[in-house]
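Shown here: work.csv, CSV, C-alpha atoms.
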```
chain,number,residue,atom,x,y,z
B,330,MET,CA,97.0,92.3,86.4
B,331,ALA,CA,99.5,92.9,83.6
B,332,ASP,CA,101.9,90.2,82.4
B,333,SER,CA,104.9,91.1,80.3
B,334,SER,CA,104.0,88.3,77.9
B,335,GLY,CA,100.4,89.2,77.5
B,336,PRO,CA,98.3,92.0,76.0
B,337,ARG,CA,99.0,95.5,77.4
B,338,LEU,CA,96.4,97.8,79.0
B,339,ILE,CA,96.8,101.2,77.2
B,340,PHE,CA,94.7,104.2,78.2
B,341,GLU,CA,94.9,108.0,78.1
B,342,PHE,CA,94.5,110.5,80.9
B,343,GLU,CA,95.0,114.2,81.0
B,344,GLY,CA,97.7,114.6,78.4
B,345,PHE,CA,99.5,111.3,78.8
B,346,LYS,CA,99.1,107.8,77.4
B,347,TYR,CA,99.8,105.0,79.8
B,348,GLU,CA,101.0,101.5,78.7
B,349,ILE,CA,101.0,99.0,81.5
B,350,TYR,CA,103.5,96.3,80.6
B,351,ASP,CA,104.2,94.3,83.8
B,352,THR,CA,103.1,93.7,87.4
B,353,GLN,CA,105.9,94.6,89.8
B,354,VAL,CA,104.3,93.5,93.1
B,355,LEU,CA,101.2,91.4,93.6
B,356,ASN,CA,101.0,90.2,97.2
B,357,ARG,CA,98.2,90.4,99.8
B,358,ASP,CA,100.6,92.1,102.3
B,359,TYR,CA,101.5,95.0,100.1
B,360,ASP,CA,100.0,97.4,97.6
B,361,THR,CA,99.8,96.1,94.1
B,362,LEU,CA,102.3,97.9,91.9
B,363,LEU,CA,102.4,98.0,88.1
B,364,LEU,CA,105.1,99.0,85.7
B,365,ALA,CA,104.1,101.3,82.9
B,366,TRP,CA,105.3,103.6,80.2
B,367,ARG,CA,104.0,107.2,80.3
B,368,HIS,CA,104.0,108.9,76.9
B,369,PRO,CA,103.2,112.6,76.5
B,370,ILE,CA,100.6,113.2,73.9
B,371,GLY,CA,99.4,116.2,71.9
B,372,GLY,CA,101.7,119.2,71.9
B,373,SER,CA,103.5,118.5,75.2
B,374,GLY,CA,106.4,116.7,73.5
B,375,GLY,CA,109.1,114.8,75.4
B,376,ARG,CA,110.2,111.2,75.6
B,377,ARG,CA,108.3,108.4,77.3
B,378,SER,CA,109.3,107.6,80.8
B,379,ARG,CA,108.9,104.5,83.0
B,380,VAL,CA,106.6,105.0,86.0
B,381,ILE,CA,105.0,102.9,88.7
B,382,LEU,CA,101.2,102.8,89.0
B,383,LYS,CA,99.4,101.9,92.2
B,384,PRO,CA,95.9,100.9,91.3
B,385,VAL,CA,93.0,101.6,93.6
B,386,GLN,CA,89.4,100.3,92.9
B,387,VAL,CA,87.1,103.3,93.5
B,388,SER,CA,83.8,102.3,91.9
B,389,SER,CA,81.9,101.8,95.2
B,390,ASP,CA,84.3,103.3,97.7
B,391,SER,CA,84.4,107.0,98.0
B,392,GLU,CA,86.9,106.8,100.9
B,393,ARG,CA,89.4,105.1,98.7
B,394,SER,CA,89.0,107.8,96.1
B,395,GLU,CA,89.5,110.5,98.7
B,396,ARG,CA,92.6,108.8,100.0
B,397,VAL,CA,94.1,108.6,96.5
B,398,TRP,CA,93.6,112.4,96.2
B,399,GLU,CA,95.0,112.9,99.7
B,400,GLU,CA,98.2,110.9,98.9
B,401,VAL,CA,98.7,113.0,95.8
B,402,GLN,CA,98.1,116.2,97.7
B,403,LEU,CA,100.5,115.3,100.4
B,404,ALA,CA,103.2,114.4,97.8
B,405,SER,CA,103.0,117.9,96.5
B,406,HIS,CA,104.6,119.1,99.8
B,407,LEU,CA,107.4,116.6,99.6
B,408,GLU,CA,110.3,117.6,97.3
B,409,HIS,CA,113.4,115.7,98.5
B,410,PRO,CA,116.0,113.5,96.6
B,411,GLY,CA,115.4,110.7,99.1
B,412,ILE,CA,111.6,110.6,98.6
B,413,ALA,CA,110.1,108.9,95.6
B,414,LYS,CA,108.1,111.4,93.6
B,415,VAL,CA,104.4,111.2,93.0
B,416,TYR,CA,103.5,112.8,89.7
B,417,GLY,CA,99.7,112.7,90.2
B,418,PHE,CA,97.0,110.3,89.5
B,419,ALA,CA,95.4,108.7,86.4
B,420,SER,CA,92.1,107.0,85.9
B,421,HIS,CA,90.7,104.3,83.7
B,422,GLY,CA,87.3,102.7,84.2
B,423,ASN,CA,86.7,102.1,87.8
B,424,THR,CA,90.3,102.2,88.7
B,425,ALA,CA,92.4,105.2,89.9
B,426,TYR,CA,96.2,105.0,89.7
B,427,VAL,CA,98.7,106.9,91.8
B,428,VAL,CA,101.5,107.7,89.4
B,429,MET,CA,104.9,107.3,91.0
B,430,GLU,CA,108.5,107.7,90.1
B,431,HIS,CA,110.3,104.5,89.0
B,432,LEU,CA,113.9,104.0,90.2
B,433,ARG,CA,115.8,101.3,88.4
B,434,GLY,CA,116.8,98.9,91.2
B,435,CYS,CA,114.9,96.9,93.8
B,436,TYR,CA,113.1,97.2,97.1
B,437,LEU,CA,115.2,96.7,100.3
B,438,LEU,CA,113.2,93.5,101.0
B,439,THR,CA,114.3,92.1,97.7
B,440,ALA,CA,117.9,92.8,98.4
B,441,MET,CA,117.6,91.2,101.8
B,442,ASP,CA,115.8,88.1,100.4
B,443,PHE,CA,118.4,87.7,97.6
B,444,ALA,CA,121.3,88.1,100.0
B,445,LEU,CA,119.8,85.3,102.2
B,446,LEU,CA,119.3,83.2,99.1
B,447,VAL,CA,122.9,83.4,98.1
B,448,GLU,CA,124.1,83.0,101.8
B,449,ARG,CA,125.3,86.5,102.2
B,450,ARG,CA,124.7,89.3,104.7
B,451,LEU,CA,124.3,92.9,103.9
B,452,SER,CA,127.4,94.6,105.2
B,453,PRO,CA,127.1,96.9,108.2
B,454,VAL,CA,128.2,99.9,106.1
B,455,PHE,CA,125.5,99.0,103.5
B,456,ALA,CA,122.9,98.9,106.3
B,457,ALA,CA,124.1,102.1,107.8
B,458,TYR,CA,124.2,103.9,104.5
B,459,VAL,CA,120.6,102.9,103.6
B,460,ALA,CA,119.3,103.8,107.1
B,461,ALA,CA,121.1,107.2,107.0
B,462,GLU,CA,119.5,108.0,103.6
B,463,VAL,CA,116.0,107.0,104.9
B,464,ALA,CA,116.5,109.0,108.1
B,465,GLY,CA,117.4,112.0,106.0
B,466,ALA,CA,114.1,111.7,104.0
B,467,LEU,CA,112.1,111.2,107.2
B,468,GLY,CA,113.7,114.2,108.9
B,469,TYR,CA,112.7,116.3,106.0
B,470,ALA,CA,109.1,115.0,106.0
B,471,HIS,CA,108.8,115.4,109.8
B,472,GLN,CA,109.7,119.1,109.6
B,473,ARG,CA,107.5,120.1,106.6
B,474,ILE,CA,105.5,123.3,106.9
B,475,SER,CA,102.3,123.8,105.0
B,476,ARG,CA,101.8,126.5,102.4
B,477,GLU,CA,99.8,128.4,105.1
B,478,GLY,CA,102.8,128.3,107.4
B,479,HIS,CA,101.7,125.5,109.8
B,480,PRO,CA,103.6,122.4,110.8
B,481,MET,CA,102.2,119.4,108.9
B,482,HIS,CA,103.2,116.8,111.6
B,483,ILE,CA,103.8,114.1,108.9
B,484,VAL,CA,104.3,110.6,110.2
B,485,HIS,CA,104.9,108.0,107.4
B,486,ARG,CA,103.4,105.1,109.5
B,487,ALA,CA,104.6,102.4,107.0
B,488,VAL,CA,108.5,102.6,107.0
B,489,GLY,CA,109.6,99.1,106.1
B,490,PRO,CA,111.7,97.2,103.6
B,491,MET,CA,109.0,97.3,100.9
B,492,ARG,CA,108.8,101.1,101.1
B,493,ILE,CA,112.5,101.6,100.7
B,494,ARG,CA,113.8,101.6,97.1
B,495,LEU,CA,117.4,100.9,96.3
B,496,GLY,CA,118.8,102.2,93.0
B,497,PHE,CA,121.4,100.3,91.1
B,498,ASP,CA,123.3,103.6,91.0
B,499,GLY,CA,123.4,103.8,94.8
B,500,ARG,CA,120.5,106.1,95.4
B,501,VAL,CA,118.0,105.3,98.2
B,502,LYS,CA,114.4,106.5,98.2
B,503,LEU,CA,111.6,106.3,100.7
B,504,ALA,CA,108.4,105.5,98.9
B,505,ASN,CA,104.6,105.3,99.4
B,506,PHE,CA,103.3,107.9,101.8
B,507,GLY,CA,99.8,106.5,101.2
B,508,ALA,CA,99.3,105.5,104.8
B,509,ALA,CA,100.9,108.7,106.2
B,510,TYR,CA,99.4,110.8,108.9
B,511,SER,CA,99.5,114.6,108.3
B,512,GLU,CA,97.5,117.7,109.2
B,513,LEU,CA,96.5,118.5,105.7
B,514,ARG,CA,93.3,120.5,105.6
B,515,ASP,CA,90.2,118.2,105.2
B,516,ARG,CA,92.2,115.0,105.6
B,517,LEU,CA,90.4,111.8,106.2
B,518,LYS,CA,90.4,110.7,109.9
B,519,THR,CA,91.5,107.2,110.8
B,520,PRO,CA,88.5,105.3,112.2
B,521,PRO,CA,88.8,104.1,115.9
B,522,GLY,CA,90.4,100.7,116.3
B,523,LEU,CA,92.0,100.7,112.8
B,524,LEU,CA,95.8,100.3,112.6
B,525,ARG,CA,97.1,102.0,109.4
B,526,GLY,CA,100.5,101.5,108.0
B,527,ASP,CA,102.6,98.4,108.4
B,528,PRO,CA,101.9,96.4,111.7
B,529,ALA,CA,105.2,94.5,111.4
B,530,TYR,CA,107.2,97.7,111.9
B,531,CYS,CA,104.8,99.7,114.1
B,532,ALA,CA,106.1,101.6,117.2
B,533,PRO,CA,104.6,100.5,120.5
B,534,GLU,CA,103.0,103.9,121.2
B,535,VAL,CA,101.1,103.6,118.0
B,536,LEU,CA,99.7,100.2,119.0
B,537,ARG,CA,98.7,101.6,122.4
B,538,ALA,CA,97.1,104.6,121.0
B,539,VAL,CA,95.0,102.6,118.5
B,540,MET,CA,94.0,100.2,121.3
B,541,GLU,CA,92.8,103.2,123.4
B,542,SER,CA,91.1,105.0,120.6
B,543,THR,CA,87.4,105.6,121.0
B,544,GLY,CA,84.6,107.2,118.9
B,545,SER,CA,85.3,110.6,120.6
B,546,ARG,CA,89.0,110.3,119.8
B,547,ALA,CA,88.9,108.8,116.4
B,548,ASP,CA,92.5,109.4,115.3
B,549,PRO,CA,95.2,108.4,117.8
B,550,LEU,CA,97.6,110.9,116.2
B,551,ILE,CA,95.5,114.0,116.9
B,552,GLY,CA,97.1,116.6,119.2
B,553,GLY,CA,100.6,115.4,118.7
B,554,ALA,CA,100.2,112.3,120.9
B,555,ILE,CA,102.4,110.5,118.4
B,556,ASP,CA,105.1,112.1,116.3
B,557,GLY,CA,107.9,111.3,113.9
B,558,ARG,CA,109.8,109.3,116.5
B,559,ALA,CA,107.3,106.5,115.7
B,560,ASP,CA,109.0,106.4,112.3
B,561,VAL,CA,112.4,106.3,113.9
B,562,PHE,CA,111.4,103.1,115.8
B,563,SER,CA,110.2,101.6,112.5
B,564,LEU,CA,113.5,102.5,110.9
B,565,GLY,CA,115.4,101.1,113.9
B,566,LEU,CA,113.6,97.7,113.3
B,567,VAL,CA,114.6,97.9,109.6
B,568,LEU,CA,118.2,98.6,110.5
B,569,LEU,CA,118.2,95.7,113.0
B,570,GLU,CA,116.7,93.4,110.3
B,571,MET,CA,119.4,94.4,107.8
B,572,LEU,CA,122.1,93.6,110.3
B,573,LEU,CA,120.6,90.3,111.6
B,574,ALA,CA,119.4,89.1,108.1
B,575,GLU,CA,116.1,88.2,109.6
B,576,TYR,CA,112.9,89.8,110.9
B,577,PRO,CA,113.8,90.7,114.6
B,578,LEU,CA,110.4,89.7,116.1
B,579,ASP,CA,110.4,86.2,114.5
B,580,PRO,CA,113.9,84.9,114.8
B,581,THR,CA,114.7,81.5,113.4
B,582,ASP,CA,117.1,80.3,116.0
B,583,THR,CA,115.7,81.7,119.2
B,584,PRO,CA,112.4,80.8,120.8
B,585,VAL,CA,110.2,83.8,121.1
B,586,GLU,CA,107.2,83.9,123.5
B,587,GLY,CA,103.9,83.9,121.8
B,588,ALA,CA,100.8,85.8,123.0
B,589,PRO,CA,99.6,84.2,126.2
B,590,ALA,CA,96.1,82.8,126.5
B,591,GLY,CA,93.6,85.6,127.1
B,592,PHE,CA,95.7,88.3,125.4
B,593,SER,CA,93.7,90.0,122.8
B,594,PHE,CA,94.6,92.9,120.6
B,595,PRO,CA,91.2,94.5,119.9
B,596,VAL,CA,92.2,96.2,116.7
B,597,ARG,CA,91.9,95.5,113.1
B,598,ALA,CA,94.8,96.2,110.7
B,599,GLU,CA,94.7,97.7,107.3
B,600,ARG,CA,97.4,95.3,106.2
B,601,THR,CA,97.7,91.6,106.7
B,602,THR,CA,100.8,90.2,108.4
B,603,GLN,CA,102.6,86.8,108.4
B,604,LEU,CA,102.4,86.6,112.2
B,605,SER,CA,98.9,86.9,113.7
B,606,LEU,CA,98.1,90.5,114.8
B,607,ASP,CA,97.7,89.3,118.5
B,608,VAL,CA,101.2,87.7,118.5
B,609,LEU,CA,102.8,90.6,116.6
B,610,ALA,CA,101.3,93.2,119.0
B,611,TYR,CA,102.3,91.2,122.1
B,612,ARG,CA,105.9,90.9,120.9
B,613,LEU,CA,106.2,94.6,119.8
B,614,LEU,CA,104.7,95.8,123.1
B,615,ARG,CA,107.2,93.6,125.1
B,616,PHE,CA,110.2,94.2,122.8
B,617,HIS,CA,113.2,95.8,124.5
B,618,PRO,CA,116.4,97.1,122.8
B,619,SER,CA,118.5,94.9,125.2
B,620,GLU,CA,117.4,92.0,123.1
B,621,ALA,CA,118.7,93.7,120.0
B,622,GLU,CA,122.1,94.4,121.6
B,623,ARG,CA,122.4,90.8,122.7
B,624,ARG,CA,122.0,89.6,119.2
B,625,LEU,CA,124.2,92.2,117.7
B,626,GLU,CA,127.4,91.3,119.4
B,627,PHE,CA,129.1,90.8,116.0
B,628,ALA,CA,128.1,94.4,114.8
B,629,PRO,CA,130.2,97.5,115.2
B,630,GLY,CA,129.7,99.2,118.5
B,631,PRO,CA,128.4,102.5,117.1
B,632,LEU,CA,125.7,100.7,115.2
B,633,ARG,CA,124.7,98.7,118.3
B,634,SER,CA,124.3,102.1,120.1
B,635,ILE,CA,122.2,103.6,117.3
B,636,VAL,CA,119.9,100.6,117.2
B,637,ARG,CA,119.5,100.7,121.0
B,638,ARG,CA,118.5,104.3,121.0
B,639,ALA,CA,116.2,104.1,118.0
B,640,LEU,CA,114.3,101.2,119.6
B,641,GLN,CA,113.7,102.7,123.0
B,642,PRO,CA,110.1,101.9,124.1
B,643,ASP,CA,109.7,105.5,125.3
B,644,PRO,CA,109.7,107.8,122.3
B,645,ARG,CA,111.1,110.6,124.4
B,646,GLU,CA,114.3,108.5,124.7
B,647,ARG,CA,114.7,108.0,121.0
B,648,PHE,CA,116.5,110.0,118.3
B,649,SER,CA,114.7,112.4,116.1
B,650,ALA,CA,115.2,111.2,112.5
B,651,ALA,CA,117.7,114.0,111.9
B,652,GLU,CA,119.7,113.0,115.0
B,653,MET,CA,119.7,109.4,113.9
B,654,ARG,CA,121.0,110.4,110.4
B,655,GLU,CA,123.8,112.4,112.0
B,656,GLU,CA,124.9,109.5,114.2
B,657,LEU,CA,124.9,107.1,111.2
B,658,LEU,CA,126.9,109.6,109.2
B,659,VAL,CA,129.4,109.8,112.1
B,660,TYR,CA,129.8,106.1,112.0
B,661,LEU,CA,130.2,106.0,108.2
B,662,GLY,CA,132.8,108.7,108.5
B,663,THR,CA,135.0,106.3,110.5
B,664,VAL,CA,135.0,103.6,107.8
B,665,GLU,CA,137.9,103.2,105.4
B,666,PRO,CA,137.7,103.5,102.5
B,667,PRO,CA,134.9,106.1,102.7
B,668,VAL,CA,131.4,104.7,102.0
B,669,LEU,CA,130.0,106.2,98.8
B,670,ALA,CA,127.0,105.5,96.6
B,671,ASP,CA,129.2,103.6,94.2
B,672,GLU,CA,130.3,101.1,96.9
B,673,VAL,CA,126.7,100.5,97.9
B,674,ALA,CA,125.7,100.0,94.3
B,675,ALA,CA,128.6,97.5,93.8
B,676,GLU,CA,127.4,95.5,96.8
B,677,LEU,CA,123.9,95.4,95.5
B,678,LYS,CA,125.1,94.4,92.0
B,679,ALA,CA,127.1,91.5,93.4
B,680,ILE,CA,124.1,90.2,95.3
B,681,PHE,CA,121.9,90.4,92.2
B,682,GLU,CA,124.5,88.7,90.0
B,683,ALA,CA,124.7,85.8,92.4
B,684,ALA,CA,120.9,85.6,92.7
B,685,ALA,CA,120.4,85.6,88.9
B,686,ARG,CA,122.4,82.4,88.8
B,687,VAL,CA,119.9,80.7,91.1
B,688,LYS,CA,116.9,79.0,89.4
B,689,ARG,CA,113.9,81.3,89.1
B,690,LEU,CA,111.6,78.9,90.9
B,691,THR,CA,114.0,79.0,93.9
B,692,ALA,CA,114.2,82.8,93.8
B,693,ASN,CA,110.6,83.8,94.2
B,694,PRO,CA,110.7,87.4,95.4
B,695,ILE,CA,107.6,89.5,96.3
B,696,GLU,CA,109.0,91.9,93.7
B,697,ARG,CA,108.1,89.8,90.7
B,698,THR,CA,110.1,91.8,88.2
B,699,ALA,CA,113.3,91.9,90.2
B,700,LEU,CA,115.3,89.6,87.9
B,701,THR,CA,113.5,90.7,84.7
B,702,PRO,CA,115.6,92.9,82.3
B,703,ASP,CA,114.2,96.4,82.0
B,704,GLU,CA,112.6,97.3,78.7
B,705,ASP,CA,114.6,99.7,76.6
B,706,GLU,CA,113.7,103.4,77.2
B,707,GLY,CA,113.2,103.8,73.5
```
Would you mind writing the file's structure down as structure tokens?
Amino acid sequence: MADSSGPRLIFEFEGFKYEIYDTQVLNRDYDTLLLAWRHPIGGSGGRRSRVILKPVQVSSDSERSERVWEEVQLASHLEHPGIAKVYGFASHGNTAYVVMEHLRGCYLLTAMDFALLVERRLSPVFAAYVAAEVAGALGYAHQRISREGHPMHIVHRAVGPMRIRLGFDGRVKLANFGAAYSELRDRLKTPPGLLRGDPAYCAPEVLRAVMESTGSRADPLIGGAIDGRADVFSLGLVLLEMLLAEYPLDPTDTPVEGAPAGFSFPVRAERTTQLSLDVLAYRLLRFHPSEAERRLEFAPGPLRSIVRRALQPDPRERFSAAEMREELLVYLGTVEPPVLADEVAAELKAIFEAAARVKRLTANPIERTALTPDEDEG
């Protein structure tokens, strides 16, 4: 992987020169992400721009290659200010790269980790603002219509703190639809018994569907059995985590029942998790929003109500993403002074300034470049 102090990988692909200058994320639980400059070459003109490259080894895995293409194809249907753009793909040797928009800032997980490091909590209005922006992006994606005029039934499947990008200017973007379900023509089917997306933020109906999947019903999302309300549950968990300042299913000060002897979750996950998959599945399947309400006594009443509805075990009792956004905006409209992007940016900046004063070895974020000054645009 690239290191800002070492030699840079430079290659050309379809009218652009790519110069990889650092590794943004290198962690077994998440996609590897690289920072690169993208230079137009030939007669195309224009300045270089900073992009994120997601590498995928494709030399002996045709499915991975097809999934890269599918991710790029799906992205062509998603044009929304709250969704990180995918510009296409590039290739060098046996590696394909998904080329994605870079937003100067950090991932939500980094902001939460840094806040914890400097003994701060994200404010309720910060959490509500971020959740409202993500809900808006999800609402848009869930309602997309294909160019042939058919509903695409997009489900992100991996909404979590490492797929939410916070800009230092107050913008919020939902990133990485690489694990998304959609009804794109000729899309790859999910094999039976495989849990795609992020298990730590998975809706209970997704877990049950994967457990029940068979060879004759190879994809649990076929036929509308699961819809965008699964993403609402995931976002509800993220909102709860922002408010609690810890992952809700693994609290530090409250004993949580582990999986009992004999409980087995007969599914394999595409992603690793800190908790064992058996324990995680057991806790998710038993989780009830009353637990969240009990632990949110300090939070504003409207946010407690929003979390409760978003985390209903029965998806029919949850919000749609658009409804969740509206409720969050209603709450934000009651706050004085009004919550604007500038206020959110100022809170994020204060957290970063405090974290920067902590020794680097103590601040060891998953986002390795979080405290590294950006290279000049040039």
Give me the residues within 10 Å of B:Val428 as a PyMOL selection string, counting only C-alpha atoms and dropping any in the same chain fewer than 4 places off. chain B and resi 363+365+367+380-384+401+414-419
Restrict the selected residues to C-alpha atoms and save them as a tab-separated table (two decimals), in the frame of the given file.
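Below is the file selection-v5.tsv, written as the result:
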```tsv
chain	number	residue	atom	x	y	z
B	363	LEU	CA	102.40	98.00	88.10
B	365	ALA	CA	104.10	101.30	82.90
B	367	ARG	CA	104.00	107.20	80.30
B	380	VAL	CA	106.60	105.00	86.00
B	381	ILE	CA	105.00	102.90	88.70
B	382	LEU	CA	101.20	102.80	89.00
B	383	LYS	CA	99.40	101.90	92.20
B	384	PRO	CA	95.90	100.90	91.30
B	401	VAL	CA	98.70	113.00	95.80
B	414	LYS	CA	108.10	111.40	93.60
B	415	VAL	CA	104.40	111.20	93.00
B	416	TYR	CA	103.50	112.80	89.70
B	417	GLY	CA	99.70	112.70	90.20
B	418	PHE	CA	97.00	110.30	89.50
B	419	ALA	CA	95.40	108.70	86.40
```
Write out as a compact mmCIF listing (two decimals) with C-alpha atoms, keeping the file's coordinate frame which residues come within 9 Å of B:Ala610 when counting all atoms listed in the file, dropping same-chain ones fewer than 2 positions away.
```txt
# COMPACT_ATOMS: atom_id res chain seq x y z
CA PRO B 528 101.90 96.40 111.70
CA ALA B 529 105.20 94.50 111.40
CA CYS B 531 104.80 99.70 114.10
CA PRO B 533 104.60 100.50 120.50
CA LEU B 536 99.70 100.20 119.00
CA ALA B 588 100.80 85.80 123.00
CA PHE B 594 94.60 92.90 120.60
CA SER B 605 98.90 86.90 113.70
CA LEU B 606 98.10 90.50 114.80
CA ASP B 607 97.70 89.30 118.50
CA VAL B 608 101.20 87.70 118.50
CA ARG B 612 105.90 90.90 120.90
CA LEU B 613 106.20 94.60 119.80
CA LEU B 614 104.70 95.80 123.10
CA ARG B 615 107.20 93.60 125.10
```
Taking (102.7, 102.6, 122.9) in the file's coordinates, which residues come within 10 Å, counting only C-alpha atoms, written as a list in words? Cys531, Ala532, Pro533, Glu534, Val535, Leu536, Arg537, Ala538, Val539, Met540, Glu541, Ile555, Ala559, Leu613, Leu614, Pro642, Asp643 and Pro644 of chain B
Between atom CA of B:Ile349 and atom CA of B:Gly526 lies a distance of 26.6 Å
8 Å contact set for B:Tyr458, only C-alpha atoms, chain neighbours under 5 positions out, as a short mmCIF file (atom, residue, chain, number, x, y, z; two decimals) with C-alpha atoms, in the frame of the given file:
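As a result, out07.cif now contains:
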```
data_model
loop_
_atom_site.label_atom_id
_atom_site.label_comp_id
_atom_site.auth_asym_id
_atom_site.auth_seq_id
_atom_site.Cartn_x
_atom_site.Cartn_y
_atom_site.Cartn_z
CA LEU B 657 124.90 107.10 111.20
CA LEU B 658 126.90 109.60 109.20
CA LEU B 661 130.20 106.00 108.20
CA VAL B 668 131.40 104.70 102.00
CA VAL B 673 126.70 100.50 97.90
#
```
Spatial neighbours of B:Leu437, max dist 7 Å, all atoms listed in the file, sep filter under 5 positions, as a PyMOL selection string: chain B and resi 490-491+493-495
For B:Arg633: contacts at 10 Å, all atoms listed in the file, fewer than 6 positions along chain excluded, given as a ChimeraX atom specification: /B:569,572,618,621-627
Please report the interatomic distance between atom CA of B:Leu503 and atom CA of B:His368 in Å with one decimal.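 Separating atom CA of B:Leu503 from atom CA of B:His368 is a distance of 25.1 Å.
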Atom-to-atom span, atom CA of B:Glu477 and atom CA of B:Ala508, Å: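 Atom CA of B:Glu477 sits 22.9 Å away from atom CA of B:Ala508.
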Given the choices B:Ser452, B:Ser405, B:Thr698, B:Gln641, which gets closest to B:Met571 if the distance is worked out from all atoms listed in the file?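 Checking each candidate against B:Met571, we get B:Ser452 as the closest.
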Counting only C-alpha atoms, which residue out of B:Ala554, B:Ile339, B:Ile483, B:Val463 sits closest to B:Leu403? B:Ile483
Would you please work out which residue, of B:Tyr576, B:Arg597, B:Glu395, B:Glu400, is nearest to B:Met441 when using all atoms listed in the file? B:Tyr576
Name the closest residue to B:Gln472 among the candidates B:His406, B:His421, B:Arg486, B:Arg637; distances are taken between atoms, counting all atoms listed in the file.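 Selected residue with least distance to B:Gln472: B:His406.
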Let me make sure I understand: among B:Ala487, B:Thr602, B:Pro453, B:Leu467, which one has the smallest atom-to-atom distance to B:Tyr660 if we use all atoms listed in the file?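 Answer, going by the shortest atom-to-atom distance: B:Pro453.
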Using all atoms listed in the file, which of B:Glu652, B:Glu348, B:Asp498, B:Glu575 sits nearest B:Glu676? B:Asp498
Hey, could you patch up stretch 458-472 of chain B with N, CA and C atoms and hand it over as a short mmCIF file (atom, residue, chain, number, x, y, z; two decimals), keeping the file's coordinate frame?
```
data_model
loop_
_atom_site.label_atom_id
_atom_site.label_comp_id
_atom_site.auth_asym_id
_atom_site.auth_seq_id
_atom_site.Cartn_x
_atom_site.Cartn_y
_atom_site.Cartn_z
N TYR B 458 124.36 102.97 105.58
CA TYR B 458 124.20 103.90 104.50
C TYR B 458 122.67 104.03 104.14
N VAL B 459 122.03 102.88 103.97
CA VAL B 459 120.60 102.90 103.60
C VAL B 459 119.79 103.56 104.73
N ALA B 460 120.07 103.20 105.98
CA ALA B 460 119.30 103.80 107.10
C ALA B 460 119.55 105.29 107.19
N ALA B 461 120.78 105.75 106.92
CA ALA B 461 121.10 107.20 107.00
C ALA B 461 120.28 107.94 105.90
N GLU B 462 120.20 107.36 104.71
CA GLU B 462 119.50 108.00 103.60
C GLU B 462 117.97 108.09 103.96
N VAL B 463 117.43 107.02 104.51
CA VAL B 463 116.00 107.00 104.90
C VAL B 463 115.76 107.99 106.02
N ALA B 464 116.66 108.02 106.99
CA ALA B 464 116.50 109.00 108.10
C ALA B 464 116.53 110.40 107.61
N GLY B 465 117.35 110.68 106.60
CA GLY B 465 117.40 112.00 106.00
C GLY B 465 116.03 112.39 105.39
N ALA B 466 115.44 111.43 104.67
CA ALA B 466 114.10 111.70 104.00
C ALA B 466 113.06 111.87 105.11
N LEU B 467 113.10 111.05 106.15
CA LEU B 467 112.10 111.20 107.20
C LEU B 467 112.27 112.52 107.96
N GLY B 468 113.52 112.90 108.23
CA GLY B 468 113.70 114.20 108.90
C GLY B 468 113.16 115.33 108.15
N TYR B 469 113.32 115.28 106.84
CA TYR B 469 112.70 116.30 106.00
C TYR B 469 111.20 116.32 106.10
N ALA B 470 110.60 115.13 105.96
CA ALA B 470 109.10 115.00 106.00
C ALA B 470 108.58 115.47 107.35
N HIS B 471 109.26 115.09 108.42
CA HIS B 471 108.80 115.40 109.80
C HIS B 471 108.75 116.92 110.02
N GLN B 472 109.58 117.66 109.31
CA GLN B 472 109.70 119.10 109.60
C GLN B 472 108.95 119.96 108.55
#
```
